[in-house]
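What follows is one structure encoded as structure tokens, with my remarks underneath.
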Amino acid sequence: MPKMHPVKVGDFFEIDRSRFYLIGGPCSIENEDMAFEVAETVKKICDILNICYVFKGSFDKANRSALNAGRAVGIDKGLDILAKIRSSLQIPVTTDVHETWQCAQVGEVVDILQIPAYLCRQTDLLIAAAETGKTVSVKKGQFMAPQNMDNVIEKIVSTGNNNCILMERGSSFGYNKLVVDMTGLPIMRELGYPVFIDATHSVQEPGGNKTFTKGNRKFAETVMYAALGAGVDGVFAEIHPDPDNAISDVGSQLKLSEIEPILRKAILIDRAAKGE
């Protein structure tokens, strides 16, 4: 296993392969009650299982399939909810940014700024996110070769910020299909920074229903377990109390009621991969 640059997640913990790391939460912040329900439930499970947990929720879903698709609660309300979760539950939080002007405002609240896959080559956005001093998590574009993520890292660390996470979320495989190349995971790890598997976005079918993205959540566990066996450093998963009625990613988000047994099995695979 190549040497990995340890990455700080606020003042909460450091990603250094000593523990199991989970970034998870609803695709969209639909309202405060639902966000807290997910955060509180997953935190309790992670406390029991000794998992380092980061709550994730998007304040805006800008890259939607159709014009009238749900967009979440917006930046001001979304950041207010994230700040409340961070303060009351004492857990780190993350959300995605889509435009450079959002970075400074978001950086005042979150511990990790997430760069969407479609925007992973946007130089100004990467630099603006890194200049906040917060950890920057970058989804590998569906169009990107894993070895080409070195240019993404170079842009981030050029600011003097060495806290970077790379995420695999599948590669385009014809129309409306994604596939995860497991050999790409160790290739990205050779770049020297933590690599997470985005288990839920990897089972999407982008634009598969023309006006919205389809997905098949039953395969998310398969992707997660295979990636952990391949030696990834952490897991990203979108988790919702009622995915079938969510405003986004209805087919790929994991059900909150089913997450504990999934994580229990994931930990066993992670330990085996680490030789523990």
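Ordering of the structure tokens sets the chain letters (A, B, ...); residue numbers start at 1 within each chain; ligands are numbered from 1 in the order shown.
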Q: Would you kindly return, as JSON, numbers by chain, each protein, DNA or RNA residue with an atom no farther than 6 Å from any atom of A:Lys255, considering only C-alpha atoms and excluding same-chain residues fewer than 4 positions away?
A: {"A": [239, 240, 241]}
**Q.** All residues 6 Å or closer to A:Glu238, only C-alpha atoms, same chain fewer than 2 positions away omitted, as a VMD selection string
**A.** chain A and resid 24 to 27 253
Q: Kindly indicate which residue among A:Val38, A:Ala130, A:Leu254, A:Cys120 lies nearest to A:Leu89, using only C-alpha atoms for the distances.
A: A:Val38
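The smallest atom-to-atom distance between A:Val138 and any of A:Thr95, A:Gln204, A:Ser172, A:Ser87, using only C-alpha atoms, is found for A:Thr95.
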Q: Quick one: pick out all helix (DSSP H, G or I) residues within stretch 168-204 of chain A from a backbone DSSP run and write them as an MDAnalysis selection string.
A: chainID A and resid 184:189 201:203
Those selected residues, please, written with N, CA and C atoms and delivered as a PDB file, in the first residue's frame.
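What follows is the written file selection28.pdb:
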```pdb
ATOM      1  N   GLY A 184      -8.842   1.137 -10.941  1.00  0.00           N
ATOM      2  CA  GLY A 184      -8.574   2.565 -10.858  1.00  0.00           C
ATOM      3  C   GLY A 184      -8.385   3.053  -9.432  1.00  0.00           C
ATOM      4  N   LEU A 185      -8.883   2.289  -8.451  1.00  0.00           N
ATOM      5  CA  LEU A 185      -8.771   2.707  -7.060  1.00  0.00           C
ATOM      6  C   LEU A 185      -7.321   2.701  -6.579  1.00  0.00           C
ATOM      7  N   PRO A 186      -6.558   1.608  -6.758  1.00  0.00           N
ATOM      8  CA  PRO A 186      -5.150   1.672  -6.362  1.00  0.00           C
ATOM      9  C   PRO A 186      -4.333   2.650  -7.196  1.00  0.00           C
ATOM     10  N   ILE A 187      -4.757   2.880  -8.439  1.00  0.00           N
ATOM     11  CA  ILE A 187      -4.059   3.874  -9.271  1.00  0.00           C
ATOM     12  C   ILE A 187      -4.203   5.253  -8.639  1.00  0.00           C
ATOM     13  N   MET A 188      -5.415   5.606  -8.195  1.00  0.00           N
ATOM     14  CA  MET A 188      -5.606   6.901  -7.544  1.00  0.00           C
ATOM     15  C   MET A 188      -4.889   6.956  -6.199  1.00  0.00           C
ATOM     16  N   ARG A 189      -4.871   5.844  -5.477  1.00  0.00           N
ATOM     17  CA  ARG A 189      -4.187   5.851  -4.177  1.00  0.00           C
ATOM     18  C   ARG A 189      -2.697   6.110  -4.339  1.00  0.00           C
ATOM     19  N   HIS A 201     -23.700   6.947  -5.831  1.00  0.00           N
ATOM     20  CA  HIS A 201     -23.690   7.563  -7.157  1.00  0.00           C
ATOM     21  C   HIS A 201     -23.145   6.609  -8.216  1.00  0.00           C
ATOM     22  N   SER A 202     -22.349   5.652  -7.787  1.00  0.00           N
ATOM     23  CA  SER A 202     -21.776   4.695  -8.731  1.00  0.00           C
ATOM     24  C   SER A 202     -22.822   3.762  -9.335  1.00  0.00           C
ATOM     25  N   VAL A 203     -24.002   3.670  -8.710  1.00  0.00           N
ATOM     26  CA  VAL A 203     -25.047   2.794  -9.247  1.00  0.00           C
ATOM     27  C   VAL A 203     -26.168   3.605  -9.904  1.00  0.00           C
TER      28      VAL A 203
END
```
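With only C-alpha atoms taken into account, the protein and nucleic acid residues at most 9 Å from stretch 177-179 of chain A (excluding it and anything under 6 positions from it in its own chain) are Gln142, Arg169, Gly170, Ser171, Ser202, Val203, Gln204, Glu205, Pro206 and Gly208 of chain A.
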Q: Rank nothing, just name the residue among A:Glu131, A:Asp16, A:Asp76, A:Asp60 nearest to A:Asp96, using only C-alpha atoms.
A: A:Asp60
Q | Non-local contacts of A:Ile91 (7 Å; only C-alpha atoms; under 5 positions in same chain excluded) as a PyMOL selection string | A | chain A and resi 53-54+86
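Distances here use only C-alpha atoms; by that measure, the residue among A:Ala129, A:Leu268, A:Leu191, A:Val223 closest to A:Ser158 is A:Ala129.
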Q: Skip A:Phe196 itself and residues of its chain fewer than 2 positions away, then list as number ranges by chain all residues within 7 Å of it, counting only C-alpha atoms.
A: A: 166-168, 194, 198, 232-236
Write the selection just made, keeping C-alpha atoms, as a tab-separated table (two decimals), in the first residue's frame?
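Contents of again.tsv, freshly written:
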```tsv
chain	number	residue	atom	x	y	z
A	166	LEU	CA	-10.41	11.84	-4.07
A	167	MET	CA	-13.67	9.99	-4.71
A	168	GLU	CA	-14.54	7.31	-7.24
A	194	PRO	CA	-7.12	9.28	0.58
A	198	ASP	CA	-19.02	6.82	-3.64
A	232	VAL	CA	-10.06	2.34	-0.36
A	233	ASP	CA	-9.70	4.64	2.63
A	234	GLY	CA	-13.35	5.43	3.22
A	235	VAL	CA	-16.95	5.22	2.08
A	236	PHE	CA	-19.34	7.86	0.77
```
A:Met224: which residues within 9 Å, counting only C-alpha atoms, same-chain residues fewer than 5 positions away excluded, as a compact mmCIF listing (two decimals) with N, CA, C and O atoms, in the first residue's frame?
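Once everything was written out, this is selection-v9.txt:
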```
# COMPACT_ATOMS: atom_id res chain seq x y z
N ILE A 197 -14.82 5.57 -1.88
CA ILE A 197 -15.75 5.06 -2.89
C ILE A 197 -17.11 5.69 -2.66
O ILE A 197 -17.65 5.67 -1.54
N ASP A 198 -17.66 6.30 -3.69
CA ASP A 198 -19.02 6.82 -3.64
C ASP A 198 -19.94 5.69 -4.10
O ASP A 198 -20.19 5.50 -5.30
N ALA A 199 -20.41 4.92 -3.13
CA ALA A 199 -21.12 3.69 -3.45
C ALA A 199 -22.49 3.92 -4.07
O ALA A 199 -22.96 3.07 -4.84
N THR A 200 -23.12 5.03 -3.76
CA THR A 200 -24.48 5.24 -4.26
C THR A 200 -24.53 5.93 -5.62
O THR A 200 -25.29 5.53 -6.49
N PHE A 219 -27.30 -2.62 -5.77
CA PHE A 219 -25.91 -2.86 -6.14
C PHE A 219 -24.93 -1.98 -5.38
O PHE A 219 -23.71 -2.14 -5.52
N GLY A 229 -12.55 -4.00 -0.29
CA GLY A 229 -11.62 -5.10 -0.50
C GLY A 229 -10.41 -4.68 -1.31
O GLY A 229 -9.32 -5.24 -1.16
N VAL A 235 -15.71 5.44 2.82
CA VAL A 235 -16.95 5.22 2.08
C VAL A 235 -17.78 6.50 2.07
O VAL A 235 -17.90 7.18 3.09
N PHE A 236 -18.34 6.81 0.92
CA PHE A 236 -19.34 7.86 0.77
C PHE A 236 -20.64 7.18 0.38
O PHE A 236 -20.67 6.33 -0.53
N ALA A 237 -21.74 7.53 1.07
CA ALA A 237 -23.03 6.94 0.72
C ALA A 237 -24.14 7.92 1.03
O ALA A 237 -24.13 8.56 2.08
N ALA A 266 -19.41 -3.91 6.18
CA ALA A 266 -18.34 -3.12 5.56
C ALA A 266 -17.11 -3.06 6.46
O ALA A 266 -15.97 -3.14 5.97
```
Q. Do you have the atom CA of A:Val7-atom CA of A:Thr41 distance handy?
A. 25.6 Å
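With atom CA of A:Pro92 on one side and atom CA of A:Val136 on the other, the separation reads 13.3 Å.
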Q) Interatomic distance between atom CA of A:Glu99 and atom CA of A:Thr159? A) 17.8 Å
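Nearest residue to A:Ala72, choosing from A:Asn31, A:Gln102, A:Asn216, A:Ser88 and counting only C-alpha atoms: A:Asn31.
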Q | A:Ser28 environment, 9 Å, only C-alpha atoms, sequence neighbours closer than 4 positions dropped, as an MDAnalysis selection string | A | chainID A and resid 35 56:61 70:73 246:249
